[in-house]
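This is entry_25.cif. It holds mmCIF, C-alpha atoms.
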data_entry
#
loop_
_atom_site.label_atom_id
_atom_site.label_comp_id
_atom_site.auth_asym_id
_atom_site.auth_seq_id
_atom_site.Cartn_x
_atom_site.Cartn_y
_atom_site.Cartn_z
CA MET Q 1 96.98 95.81 117.27
CA PRO Q 2 93.95 93.58 117.87
CA LYS Q 3 93.09 91.31 114.99
CA GLU Q 4 89.52 92.54 114.65
CA LEU Q 5 90.78 96.01 113.77
CA GLN Q 6 92.86 94.80 110.88
CA SER Q 7 91.43 95.07 107.43
CA PRO Q 8 89.52 91.86 106.76
CA MET Q 9 89.98 89.97 103.56
CA ASP Q 10 86.77 89.79 101.63
CA SER Q 11 86.20 86.06 101.25
CA ALA Q 12 83.72 86.62 98.42
CA ASN Q 13 86.35 88.50 96.48
CA PRO Q 14 89.08 86.33 94.99
CA ALA Q 15 90.87 89.32 93.48
CA GLN Q 16 92.21 90.44 96.84
CA ASP Q 17 94.22 87.24 97.22
CA VAL Q 18 95.92 88.03 93.97
CA GLN Q 19 96.26 91.79 94.15
CA GLY Q 20 96.78 92.22 97.88
CA ILE Q 21 95.62 95.07 100.07
CA TRP Q 22 97.79 98.14 100.18
CA GLY Q 23 98.48 99.78 103.51
CA MET Q 24 100.80 102.15 105.24
CA THR Q 25 102.40 102.64 108.63
CA ILE Q 26 103.51 105.99 109.96
CA ASP Q 27 105.97 106.00 112.85
CA GLN Q 28 105.13 109.04 114.93
CA ASP Q 29 108.28 108.60 116.99
CA LEU Q 30 110.36 109.13 113.86
CA CYS Q 31 108.32 111.93 112.29
CA THR Q 32 109.91 115.33 112.75
CA GLY Q 33 107.06 117.31 111.22
CA CYS Q 34 109.30 118.66 108.46
CA GLN Q 35 106.47 118.74 105.87
CA ALA Q 36 108.62 117.15 103.16
CA CYS Q 37 105.82 114.63 102.59
CA VAL Q 38 103.33 117.46 102.08
CA ALA Q 39 105.49 119.12 99.44
CA ALA Q 40 106.31 115.83 97.71
CA CYS Q 41 102.67 114.80 97.65
CA SER Q 42 101.57 118.07 96.07
CA MET Q 43 104.26 117.80 93.41
CA GLU Q 44 103.56 114.16 92.61
CA ASN Q 45 99.79 114.39 92.51
CA ASN Q 46 99.22 117.77 90.82
CA VAL Q 47 97.69 119.21 93.97
CA PRO Q 48 97.35 122.91 93.23
CA PHE Q 49 98.61 125.80 95.31
CA VAL Q 50 95.47 127.79 96.04
CA GLY Q 51 96.98 131.13 96.98
CA GLU Q 52 96.61 133.39 99.96
CA VAL Q 53 93.01 134.49 99.48
CA ASP Q 54 91.50 131.04 99.11
CA ALA Q 55 93.65 129.68 101.91
CA GLY Q 56 92.05 132.37 104.07
CA TYR Q 57 88.68 130.85 103.25
CA GLY Q 58 89.96 127.47 104.44
CA ARG Q 59 90.24 126.10 100.92
CA SER Q 60 93.87 125.03 101.12
CA MET Q 61 94.51 121.87 99.20
CA GLN Q 62 96.75 119.20 100.63
CA TRP Q 63 96.33 115.47 100.41
CA ILE Q 64 98.49 114.99 103.47
CA ARG Q 65 98.81 117.34 106.41
CA ILE Q 66 100.86 117.34 109.61
CA GLU Q 67 98.60 117.48 112.62
CA ARG Q 68 99.84 118.51 116.02
CA PHE Q 69 97.97 118.93 119.26
CA TRP Q 70 98.85 120.35 122.64
CA GLN Q 71 97.96 118.71 125.92
CA GLY Q 72 97.40 120.59 129.18
CA SER Q 73 97.05 124.30 129.77
CA TYR Q 74 99.71 126.97 129.65
CA PRO Q 75 102.45 126.94 130.95
CA ASN Q 76 102.31 123.19 131.46
CA ILE Q 77 101.94 122.30 127.82
CA LYS Q 78 103.02 119.02 126.41
CA ALA Q 79 103.17 118.69 122.65
CA THR Q 80 101.87 115.47 121.17
CA PRO Q 81 103.89 113.73 118.46
CA TYR Q 82 103.51 114.96 114.90
CA GLN Q 83 100.77 113.14 113.08
CA PRO Q 84 100.72 113.14 109.28
CA VAL Q 85 97.11 112.56 108.21
CA MET Q 86 96.02 111.60 104.74
CA CYS Q 87 93.12 109.58 103.38
CA GLN Q 88 93.11 106.45 105.51
CA ASN Q 89 91.63 104.33 102.70
CA CYS Q 90 89.10 102.86 105.12
CA HIS Q 91 87.68 99.39 104.61
CA ASN Q 92 84.27 100.74 105.76
CA ALA Q 93 84.61 104.18 104.26
CA PRO Q 94 82.05 106.77 105.38
CA CYS Q 95 82.64 108.79 102.21
CA GLU Q 96 81.36 106.07 99.89
CA PRO Q 97 77.68 105.52 100.72
CA VAL Q 98 76.90 109.25 100.63
CA CYS Q 99 78.07 109.94 97.09
CA PRO Q 100 75.00 110.36 94.87
CA VAL Q 101 76.89 109.71 91.63
CA PHE Q 102 79.18 106.85 92.74
CA ALA Q 103 82.28 108.95 92.23
CA SER Q 104 83.60 107.78 95.58
CA VAL Q 105 83.78 104.03 95.16
CA HIS Q 106 85.61 101.10 96.63
CA SER Q 107 88.16 99.16 94.67
CA ALA Q 108 87.01 95.56 94.80
CA SER Q 109 90.41 94.19 93.89
CA GLU Q 110 92.63 96.16 96.26
CA ASP Q 111 90.29 97.40 99.00
CA LEU Q 112 91.25 101.01 98.27
CA ASN Q 113 89.01 104.05 98.24
CA LEU Q 114 88.81 105.57 94.82
CA GLN Q 115 87.77 108.97 93.63
CA VAL Q 116 86.58 108.89 90.03
CA TYR Q 117 87.13 112.44 88.87
CA ASN Q 118 85.06 112.21 85.73
CA ARG Q 119 82.04 111.08 87.72
CA CYS Q 120 82.35 113.66 90.49
CA VAL Q 121 79.85 116.49 90.34
CA GLY Q 122 81.09 118.27 93.44
CA THR Q 123 78.31 117.76 95.99
CA ARG Q 124 80.98 117.54 98.76
CA TYR Q 125 78.94 115.06 100.76
CA CYS Q 126 81.96 112.77 100.96
CA ALA Q 127 84.16 115.45 102.50
CA ASN Q 128 81.48 116.28 105.04
CA ASN Q 129 81.21 112.63 105.98
CA CYS Q 130 84.93 111.97 106.23
CA PRO Q 131 85.93 111.76 109.91
CA TYR Q 132 89.58 112.42 109.03
CA GLN Q 133 88.90 115.53 106.91
CA ALA Q 134 91.16 114.00 104.31
CA ARG Q 135 89.25 115.21 101.26
CA VAL Q 136 89.84 118.54 99.57
CA PHE Q 137 87.72 120.35 97.03
CA ASN Q 138 88.74 122.31 93.94
CA TRP Q 139 86.95 125.60 94.42
CA ARG Q 140 88.44 127.07 91.26
CA ASP Q 141 90.26 126.05 88.11
CA TYR Q 142 93.58 126.47 89.83
CA MET Q 143 95.49 125.02 86.89
CA ASP Q 144 94.14 127.54 84.40
CA PRO Q 145 96.66 130.37 84.06
CA ARG Q 146 94.04 132.65 82.52
CA GLN Q 147 91.96 132.51 85.66
CA ARG Q 148 94.75 132.61 88.20
CA PRO Q 149 97.75 134.44 86.71
CA GLU Q 150 99.34 134.87 90.14
CA LEU Q 151 99.52 131.10 90.58
CA VAL Q 152 101.02 130.33 87.20
CA THR Q 153 104.52 129.78 88.61
CA LEU Q 154 103.54 126.37 89.92
CA SER Q 155 101.68 125.32 86.79
CA ASN Q 156 104.64 123.88 84.93
CA HIS Q 157 105.23 120.79 86.98
CA TRP Q 158 102.16 118.70 86.16
CA ASN Q 159 102.71 114.99 86.49
CA PRO Q 160 101.40 113.35 83.31
CA ASP Q 161 100.53 110.17 85.22
CA VAL Q 162 97.89 111.95 87.32
CA THR Q 163 94.75 113.69 86.13
CA VAL Q 164 94.80 117.47 86.46
CA ARG Q 165 91.55 118.16 88.27
CA ARG Q 166 89.11 120.84 87.27
CA ARG Q 167 86.97 123.14 89.35
CA GLY Q 168 84.21 121.49 91.35
CA ILE Q 169 85.91 118.15 91.85
CA MET Q 170 86.66 116.44 95.12
CA GLU Q 171 90.03 114.80 95.51
CA LYS Q 172 92.05 112.96 98.09
CA CYS Q 173 95.12 110.85 98.70
CA THR Q 174 95.15 107.86 96.35
CA PHE Q 175 98.09 106.02 97.96
CA CYS Q 176 99.93 107.18 94.80
CA ILE Q 177 97.95 104.70 92.74
CA GLN Q 178 99.85 105.73 89.61
CA ARG Q 179 103.01 104.31 91.20
CA ILE Q 180 101.14 101.13 92.19
CA ARG Q 181 99.98 100.74 88.60
CA HIS Q 182 103.47 101.37 87.29
CA ALA Q 183 104.93 98.71 89.60
CA GLU Q 184 102.16 96.30 88.63
CA ASP Q 185 102.85 96.85 84.95
CA THR Q 186 106.57 96.35 85.43
CA ALA Q 187 105.99 93.19 87.45
CA ALA Q 188 103.48 91.85 84.93
CA SER Q 189 105.75 92.43 81.95
CA GLU Q 190 108.61 90.73 83.82
CA ASN Q 191 106.21 87.91 84.77
CA ARG Q 192 106.71 88.14 88.54
CA ASP Q 193 104.90 89.43 91.62
CA ILE Q 194 105.46 92.92 93.00
CA ARG Q 195 108.34 92.88 95.47
CA ASP Q 196 107.95 94.28 98.96
CA GLY Q 197 109.07 97.90 98.90
CA GLU Q 198 108.77 98.23 95.14
CA VAL Q 199 105.87 100.66 95.45
CA VAL Q 200 106.95 103.80 97.27
CA PRO Q 201 104.45 106.65 97.50
CA ALA Q 202 105.75 110.18 97.14
CA CYS Q 203 105.40 110.93 100.86
CA ALA Q 204 107.38 107.84 101.87
CA GLN Q 205 110.02 108.60 99.27
CA ALA Q 206 110.45 112.15 100.53
CA CYS Q 207 110.42 111.34 104.24
CA PRO Q 208 113.98 111.98 105.53
CA ALA Q 209 113.30 110.02 108.73
CA SER Q 210 111.82 107.01 106.88
CA ALA Q 211 108.77 107.24 109.10
CA ILE Q 212 106.40 106.05 106.37
CA THR Q 213 106.35 102.44 105.19
CA PHE Q 214 104.11 101.21 102.39
CA GLY Q 215 103.24 97.78 101.15
CA ARG Q 216 100.75 94.95 101.25
CA ILE Q 217 99.20 94.61 104.68
CA ASN Q 218 97.57 91.25 103.99
CA ASP Q 219 100.93 89.61 103.39
CA PRO Q 220 102.60 88.80 106.76
CA ALA Q 221 106.06 88.84 105.18
CA THR Q 222 106.06 92.52 104.25
CA LYS Q 223 107.77 95.19 106.28
CA VAL Q 224 104.57 97.18 106.61
CA SER Q 225 102.47 94.35 108.02
CA GLN Q 226 105.23 93.38 110.46
CA ALA Q 227 105.45 96.98 111.66
CA ALA Q 228 101.68 97.31 111.97
CA ASP Q 229 101.25 94.02 113.79
CA THR Q 230 102.85 95.17 117.07
CA SER Q 231 101.47 96.74 120.23
CA ARG Q 232 102.71 100.13 118.96
CA GLY Q 233 100.10 100.26 116.23
CA SER Q 234 96.82 102.11 116.41
CA HIS Q 235 94.32 103.60 114.02
CA LEU Q 236 92.88 107.08 113.98
CA LEU Q 237 89.35 107.22 115.46
CA GLU Q 238 89.35 103.47 115.90
CA GLU Q 239 85.99 103.61 117.69
CA LEU Q 240 84.21 104.58 114.45
CA GLY Q 241 84.90 101.17 112.96
CA THR Q 242 86.08 102.53 109.63
CA ILE Q 243 89.01 100.06 109.66
CA PRO Q 244 91.63 102.33 108.08
CA HIS Q 245 94.55 101.00 106.08
CA VAL Q 246 96.95 103.47 107.69
CA THR Q 247 98.43 102.39 111.01
CA TYR Q 248 100.11 104.89 113.32
CA LEU Q 249 103.01 103.64 115.40
CA ALA Q 250 103.91 105.36 118.66
CA GLY Q 251 105.28 104.53 122.11
CA GLY Q 252 107.31 101.62 123.38
CA ALA Q 253 108.23 98.53 121.46
CA MET S 1 52.14 140.26 69.96
CA ILE S 2 53.03 136.56 70.13
CA LYS S 3 49.68 135.69 68.53
CA LYS S 4 50.46 138.05 65.66
CA PHE S 5 53.82 136.30 65.21
CA PHE S 6 52.18 132.87 64.99
CA ASN S 7 49.60 134.21 62.54
CA MET S 8 52.47 135.46 60.41
CA LEU S 9 54.09 132.02 60.48
CA ASN S 10 50.81 130.48 59.32
CA GLN S 11 50.93 132.45 56.09
CA PRO S 12 52.33 130.56 53.07
CA LEU S 13 55.49 132.69 53.05
CA GLY S 14 55.88 132.20 56.80
CA ARG S 15 55.68 128.44 56.42
CA ILE S 16 58.37 128.51 53.78
CA GLY S 17 60.48 130.58 56.19
CA VAL S 18 60.00 128.05 58.98
CA PHE S 19 60.92 125.27 56.57
CA ILE S 20 64.10 127.05 55.48
CA VAL S 21 65.16 127.72 59.08
CA ALA S 22 64.53 124.08 60.01
CA LEU S 23 66.51 122.93 56.97
CA VAL S 24 69.45 125.19 57.89
CA VAL S 25 69.50 123.93 61.48
CA LEU S 26 69.25 120.28 60.39
CA SER S 27 71.98 120.58 57.78
CA GLY S 28 74.16 122.34 60.36
CA VAL S 29 73.73 119.41 62.73
CA VAL S 30 74.45 116.89 59.99
CA TRP S 31 77.53 118.84 58.91
CA GLY S 32 78.75 119.03 62.51
CA ILE S 33 78.35 115.30 63.05
CA ALA S 34 80.06 114.58 59.76
CA GLN S 35 82.95 116.87 60.73
CA ALA S 36 83.33 115.11 64.08
CA GLN S 37 83.66 111.73 62.33
CA LYS S 38 86.38 112.90 59.95
CA PRO S 39 89.99 112.28 60.90
CA PRO S 40 91.81 115.54 61.61
CA GLU S 41 93.93 117.28 58.99
CA GLN S 42 97.55 116.10 59.22
CA PRO S 43 100.52 118.24 58.14
CA ILE S 44 101.79 115.40 55.93
CA GLN S 45 99.52 112.79 54.31
CA PHE S 46 101.64 109.99 55.71
CA PRO S 47 101.09 106.71 53.79
CA HIS S 48 100.99 104.07 56.54
CA ASN S 49 100.14 101.38 53.98
CA LEU S 50 103.33 101.91 52.00
CA HIS S 51 105.56 101.81 55.08
CA VAL S 52 103.87 98.71 56.48
CA ARG S 53 104.19 96.93 53.15
CA LEU S 54 107.91 97.71 53.11
CA GLY S 55 108.10 95.64 56.29
CA ILE S 56 108.80 98.42 58.77
CA GLN S 57 107.68 97.41 62.28
CA CYS S 58 105.12 99.59 64.10
CA LEU S 59 107.60 99.84 66.99
CA TYR S 60 110.29 101.36 64.78
CA CYS S 61 108.42 104.66 64.60
CA HIS S 62 106.27 104.22 67.75
CA PRO S 63 108.80 102.68 70.14
CA GLY S 64 107.17 103.90 73.36
CA ALA S 65 104.37 101.37 73.01
CA LEU S 66 106.64 98.56 74.18
CA ARG S 67 107.72 100.00 77.52
CA GLY S 68 105.83 103.19 78.21
CA PRO S 69 102.35 104.61 78.37
CA SER S 70 102.58 106.51 75.11
CA PRO S 71 103.89 105.11 71.82
CA GLY S 72 105.05 108.49 70.59
CA ILE S 73 104.78 110.00 67.14
CA PRO S 74 108.04 110.22 65.20
CA THR S 75 109.92 113.48 64.88
CA GLU S 76 111.21 114.79 61.58
CA THR S 77 114.70 113.48 62.40
CA LYS S 78 113.42 109.91 62.63
CA CYS S 79 111.76 110.22 59.23
CA TRP S 80 114.89 111.79 57.84
CA GLY S 81 117.01 108.92 59.10
CA CYS S 82 115.67 106.86 56.19
CA HIS S 83 114.46 109.55 53.82
CA ARG S 84 117.78 111.35 53.49
CA GLN S 85 118.82 108.37 51.36
CA ILE S 86 115.62 108.34 49.30
CA ALA S 87 114.83 110.65 46.41
CA ILE S 88 112.65 113.59 47.45
CA GLN S 89 109.75 113.31 45.05
CA GLY S 90 105.94 113.36 45.01
CA THR S 91 103.82 115.80 46.98
CA GLU S 92 104.55 114.83 50.59
CA LEU S 93 108.31 114.26 50.74
CA PRO S 94 109.20 117.89 49.89
CA LYS S 95 107.12 118.90 52.94
CA LEU S 96 109.25 116.61 55.10
CA ALA S 97 112.43 117.99 53.54
CA ALA S 98 111.20 121.51 54.36
CA TYR S 99 110.58 120.57 57.99
CA VAL S 100 114.08 119.13 58.24
CA LYS S 101 115.66 122.11 56.50
CA ASN S 102 113.94 124.59 58.82
CA ASN S 103 114.62 122.37 61.84
CA GLN S 104 110.91 122.47 62.65
CA PRO S 105 108.94 119.75 64.41
CA ILE S 106 106.15 118.12 62.41
CA ASP S 107 102.94 119.03 64.22
CA TRP S 108 101.22 115.68 63.86
CA VAL S 109 97.68 115.54 65.24
CA PRO S 110 97.25 112.50 67.52
CA VAL S 111 94.18 110.49 66.52
CA ALA S 112 93.98 107.48 68.84
CA GLN S 113 93.55 109.41 72.07
CA VAL S 114 91.81 109.09 75.40
CA PRO S 115 90.70 111.96 77.65
CA ASP S 116 92.95 113.37 80.35
CA PHE S 117 91.17 111.49 83.13
CA VAL S 118 91.87 108.13 81.51
CA HIS S 119 95.32 106.64 81.94
CA PHE S 120 95.87 104.23 79.11
CA VAL S 121 99.24 102.49 79.19
CA HIS S 122 100.39 100.46 76.21
CA ARG S 123 102.81 98.23 78.10
CA PRO S 124 100.35 95.96 79.98
CA HIS S 125 98.31 95.51 76.81
CA ILE S 126 101.36 94.36 74.89
CA ALA S 127 102.44 92.23 77.85
CA ALA S 128 98.98 90.59 77.67
CA GLY S 129 99.76 89.52 74.14
CA LEU S 130 97.67 92.01 72.18
CA ASN S 131 98.84 93.03 68.75
CA CYS S 132 98.73 96.60 67.46
CA GLU S 133 96.04 95.77 64.90
CA ASP S 134 93.67 94.42 67.58
CA CYS S 135 92.88 98.01 68.55
CA HIS S 136 94.27 100.11 65.73
CA GLY S 137 92.87 98.15 62.81
CA ASP S 138 94.63 97.07 59.66
CA VAL S 139 97.05 99.95 59.19
CA SER S 140 98.47 98.32 56.06
CA ASN S 141 95.32 99.47 54.25
CA MET S 142 95.29 103.04 55.60
CA THR S 143 97.11 106.06 54.29
CA VAL S 144 96.42 108.61 57.01
CA TYR S 145 95.58 106.77 60.23
CA GLN S 146 91.93 106.58 61.31
CA ASN S 147 90.51 104.85 64.35
CA PRO S 148 88.74 101.68 63.23
CA GLN S 149 86.17 102.13 66.01
CA VAL S 150 85.03 104.74 68.49
CA ILE S 151 87.41 104.64 71.44
CA ASN S 152 85.18 104.85 74.50
CA MET S 153 84.81 103.12 77.84
CA GLY S 154 82.26 100.60 76.62
CA TRP S 155 84.71 99.40 74.00
CA CYS S 156 87.51 99.11 76.60
CA LEU S 157 85.30 97.24 79.06
CA ASN S 158 83.92 94.87 76.43
CA CYS S 159 87.44 93.66 75.74
CA HIS S 160 88.40 93.52 79.43
CA ARG S 161 85.32 91.37 80.06
CA ALA S 162 85.78 89.17 77.01
CA LYS S 163 89.42 88.42 77.81
CA THR S 164 88.61 87.37 81.38
CA GLU S 165 85.50 85.34 80.70
CA ASN S 166 85.65 81.70 81.80
CA ASN S 167 85.00 80.18 78.39
CA PRO S 168 86.70 77.49 76.31
CA GLN S 169 88.83 80.07 74.57
CA ASN S 170 90.34 81.54 77.76
CA ASN S 171 90.21 78.31 79.77
CA PRO S 172 90.40 75.40 77.30
CA THR S 173 90.88 72.68 79.95
CA SER S 174 88.18 74.03 82.32
CA ASP S 175 90.83 74.20 85.03
CA PRO S 176 89.31 75.63 88.27
CA ALA S 177 92.63 77.33 89.11
CA VAL S 178 92.60 79.17 85.79
CA ALA S 179 88.94 80.03 86.32
CA ALA S 180 89.72 81.58 89.70
CA LYS S 181 92.59 83.55 88.17
CA LEU S 182 90.34 84.78 85.38
CA GLU S 183 87.71 85.82 87.92
CA ALA S 184 90.31 87.75 89.94
CA LEU S 185 91.59 89.40 86.79
CA ARG S 186 88.06 90.30 85.80
CA VAL S 187 87.43 92.08 89.12
CA LYS S 188 90.68 93.91 88.69
CA LEU S 189 90.20 94.87 85.05
CA THR S 190 86.69 96.23 85.58
CA ASP S 191 87.77 98.31 88.58
CA CYS S 192 87.50 102.10 88.15
CA SER S 193 91.05 102.58 89.37
CA THR S 194 92.47 100.48 86.56
CA CYS S 195 92.18 103.50 84.27
CA HIS S 196 90.82 106.45 86.28
CA TYR S 197 93.17 108.06 88.79
#

Spell out the structure here as structure tokens.
Amino acid sequence: MPKELQSPMDSANPAQDVQGIWGMTIDQDLCTGCQACVAACSMENNVPFVGEVDAGYGRSMQWIRIERFWQGSYPNIKATPYQPVMCQNCHNAPCEPVCPVFASVHSASEDLNLQVYNRCVGTRYCANNCPYQARVFNWRDYMDPRQRPELVTLSNHWNPDVTVRRRGIMEKCTFCIQRIRHAEDTAASENRDIRDGEVVPACAQACPASAITFGRINDPATKVSQAADTSRGSHLLEELGTIPHVTYLAGGA
Amino acid sequence: MIKKFFNMLNQPLGRIGVFIVALVVLSGVVWGIAQAQKPPEQPIQFPHNLHVRLGIQCLYCHPGALRGPSPGIPTETKCWGCHRQIAIQGTELPKLAAYVKNNQPIDWVPVAQVPDFVHFVHRPHIAAGLNCEDCHGDVSNMTVYQNPQVINMGWCLNCHRAKTENNPQNNPTSDPAVAAKLEALRVKLTDCSTCHY
């Protein structure tokens, strides 16, 4: 991957030297499209199951989805590799400048995109401006059993480490920031730095093919930065200059 | 019609009526505000002061504060661990004995709380060297626990800023390395994602 496409360190921001920049690689040659990451993500992050009717309106909620395309015309169809797509946590994020209430903000210390649920008023500008369609909107109070009795079966698994979102709030993949915080707290109380591979997001943990690697991409010693720094790496919609923190690996060595 | 109504209000009796209505509304507001400031009703009037003076550590009853996000509020079995050997007397201990006898949980009302969209974790605060009383006040002088201050974001941020300021207290030797570390910590501790996710 060319150097200019890698996430730049902000020289005016000393915190990034200390905290590091979190990033991910997804090996499309290993991905089998089994959707285990999708299920694990929904369970970990309290992503609600919207039901048949709302899914019909295109209101399905997933923070990560498996994309697949077909090349050529029938019968000479060639399937492209499976492509799990989640929020790419762009360095130049198109979602951020359009938010009127600063609910979609950039983390100065870790170069992550943040969604501040208590600020969000649900204008959905960010989702309309996201080139990866990674943001999903709560069209109803899906967690309220009084409003959606048919969906109550999945309401008993809420993760206490993640906010349960209300109606009218935009949400997206956070790189499992609750797990990052947990690892940071553990490292801080043991007076050491976070080890490579200590933070494992739910999707990476669930992936049976180990196609997803997570870690600090500004540290050349980590597995994730070594995997990303090869000719196999590419970014989604590189030409937009969003500088995503997720690198897709495909093709030869 | 509306003119007639205002004419009516201009009569002496009407003015008294307006005054009474205004008084009722005002006293309702005052009562509501006063209610919101009161600590909630607890099932047992637990005397924190007595227990602290006996030398019991905060972490004995609230052990989660050391390692987890939530300190926890003790169950009736934890109370009974000591109180089974102590005479059941006074007004509050028979209530505890009744809870234990009926095998019922004590429905304590948590007081020091943050909203659902805030993720407060005790562990990093204790790792940073804070003591319980820095946020929870002098519990040795309280019976039922009350928050010593309003717990809101301004209060959190004030402390996060004060602890990372490059001043003689945080950086006594004016070391530039410490100053850079403090600055990095300040960026981190005032980040939205530190608490909101």

Selection result of the PyMOL selection byres ((chain S) within 10 of (chain Q)) on this file, as a ChimeraX atom specification: /S:66-69,115-128,180-197

Distance in Å - atom CA of Q:Val98 versus atom CA of Q:Asn129: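 Straight-line distance from atom CA of Q:Val98 to atom CA of Q:Asn129 works out to 7.7 Å.
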
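Using only C-alpha atoms, every residue with an atom at most 9 Å from the point (87.0, 106.1, 74.4) is listed here: Gln113, Val114, Pro115, Val118, Val150, Ile151, Asn152, Met153, Gly154, Trp155 and Cys156 of chain S.
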
Surrounding residues of Q:Trp139 excluding itself and chain neighbours under 5 positions, 12 Å, all atoms listed in the file, as an NGL selection string: :Q and (48-51 or 53-55 or 57-61 or 122-124 or 165-171)

Between atom CA of Q:Arg232 and atom CA of Q:Cys130 - distance in Å to one decimal: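 Distance reported for this atom pair: 24.9 Å.
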
Picked residues, the PyMOL selection byres ((chain S and resi 44) around 10), expected as a ChimeraX atom specification: /S:41-43,45-47,91-96,106-108,144

Selection result for the PyMOL selection byres ((chain Q and resi 28) around 7) on this file, as a list in words: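 That expression, the PyMOL selection byres ((chain Q and resi 28) around 7), corresponds here to Ile26, Asp27, Asp29, Leu30, Cys31, Pro81, Tyr82, Gln83, Tyr248, Leu249 and Ala250 of chain Q.
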
Distance of atom CA of S:Cys159 from atom CA of S:Cys135, expressed in Å to one decimal place: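 About the pair atom CA of S:Cys135 and atom CA of S:Cys159: they are 10.0 Å apart.
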
Contacts of stretch 217-225 of chain Q at 6 Å (all atoms listed in the file; same-chain gap of 6+ positions) as a PyMOL selection string: chain Q and resi 21-23+196

Please return the centre and edge lengths, in Å to one decimal, of a box with edges along x, y and z that contains all listed atoms of stretch 192-196 of chain S, widened by 4 Å on every side, as AutoDock Vina command-line options.
--center_x 90.0 --center_y 103.5 --center_z 86.8 --size_x 13.0 --size_y 14.0 --size_z 13.1

Expected answer as an MDAnalysis selection string: all residues with atoms within 10 Å of (71.6, 111.8, 91.8), all atoms listed in the file: chainID Q and resid 99:102 121 123

Test item: residues at most 9 Å from Q:Arg65, only C-alpha atoms, excluding those fewer than 4 positions along its chain, as a PyMOL selection string: chain Q and resi 35+37-38+83-86+134

Any chance you could build stretch 81-92 of chain S out to N, CA, C and O atoms and write it as a PDB file, keeping the file's coordinate frame?
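So selection_18.pdb came out as:
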ATOM      1  N   GLY S  81     116.022 109.982  58.990  1.00  0.00           N
ATOM      2  CA  GLY S  81     117.010 108.920  59.100  1.00  0.00           C
ATOM      3  C   GLY S  81     116.977 107.992  57.898  1.00  0.00           C
ATOM      4  O   GLY S  81     118.018 107.561  57.416  1.00  0.00           O
ATOM      5  N   CYS S  82     115.766 107.670  57.413  1.00  0.00           N
ATOM      6  CA  CYS S  82     115.670 106.860  56.190  1.00  0.00           C
ATOM      7  C   CYS S  82     115.598 107.745  54.958  1.00  0.00           C
ATOM      8  O   CYS S  82     116.216 107.459  53.942  1.00  0.00           O
ATOM      9  N   HIS S  83     114.822 108.844  55.050  1.00  0.00           N
ATOM     10  CA  HIS S  83     114.460 109.550  53.820  1.00  0.00           C
ATOM     11  C   HIS S  83     115.583 110.405  53.275  1.00  0.00           C
ATOM     12  O   HIS S  83     115.489 110.869  52.140  1.00  0.00           O
ATOM     13  N   ARG S  84     116.645 110.603  54.044  1.00  0.00           N
ATOM     14  CA  ARG S  84     117.780 111.350  53.490  1.00  0.00           C
ATOM     15  C   ARG S  84     118.451 110.552  52.378  1.00  0.00           C
ATOM     16  O   ARG S  84     119.179 111.117  51.559  1.00  0.00           O
ATOM     17  N   GLN S  85     118.211 109.217  52.394  1.00  0.00           N
ATOM     18  CA  GLN S  85     118.820 108.370  51.360  1.00  0.00           C
ATOM     19  C   GLN S  85     117.845 108.052  50.236  1.00  0.00           C
ATOM     20  O   GLN S  85     118.140 107.234  49.377  1.00  0.00           O
ATOM     21  N   ILE S  86     116.660 108.654  50.287  1.00  0.00           N
ATOM     22  CA  ILE S  86     115.620 108.340  49.300  1.00  0.00           C
ATOM     23  C   ILE S  86     115.302 109.615  48.549  1.00  0.00           C
ATOM     24  O   ILE S  86     115.257 110.694  49.153  1.00  0.00           O
ATOM     25  N   ALA S  87     115.079 109.471  47.236  1.00  0.00           N
ATOM     26  CA  ALA S  87     114.830 110.650  46.410  1.00  0.00           C
ATOM     27  C   ALA S  87     113.614 111.421  46.911  1.00  0.00           C
ATOM     28  O   ALA S  87     112.592 110.820  47.246  1.00  0.00           O
ATOM     29  N   ILE S  88     113.747 112.750  47.005  1.00  0.00           N
ATOM     30  CA  ILE S  88     112.650 113.590  47.450  1.00  0.00           C
ATOM     31  C   ILE S  88     111.761 113.860  46.244  1.00  0.00           C
ATOM     32  O   ILE S  88     112.088 114.642  45.362  1.00  0.00           O
ATOM     33  N   GLN S  89     110.640 113.156  46.194  1.00  0.00           N
ATOM     34  CA  GLN S  89     109.750 113.310  45.050  1.00  0.00           C
ATOM     35  C   GLN S  89     108.308 113.235  45.547  1.00  0.00           C
ATOM     36  O   GLN S  89     108.066 113.029  46.749  1.00  0.00           O
ATOM     37  N   GLY S  90     107.348 113.401  44.636  1.00  0.00           N
ATOM     38  CA  GLY S  90     105.940 113.360  45.010  1.00  0.00           C
ATOM     39  C   GLY S  90     105.512 114.644  45.682  1.00  0.00           C
ATOM     40  O   GLY S  90     106.187 115.674  45.620  1.00  0.00           O
ATOM     41  N   THR S  91     104.357 114.591  46.368  1.00  0.00           N
ATOM     42  CA  THR S  91     103.820 115.800  46.980  1.00  0.00           C
ATOM     43  C   THR S  91     104.190 115.916  48.454  1.00  0.00           C
ATOM     44  O   THR S  91     104.285 117.006  48.997  1.00  0.00           O
ATOM     45  N   GLU S  92     104.385 114.794  49.131  1.00  0.00           N
ATOM     46  CA  GLU S  92     104.550 114.830  50.590  1.00  0.00           C
ATOM     47  C   GLU S  92     106.005 114.922  51.029  1.00  0.00           C
ATOM     48  O   GLU S  92     106.310 115.562  52.030  1.00  0.00           O
TER      49      GLU S  92
END
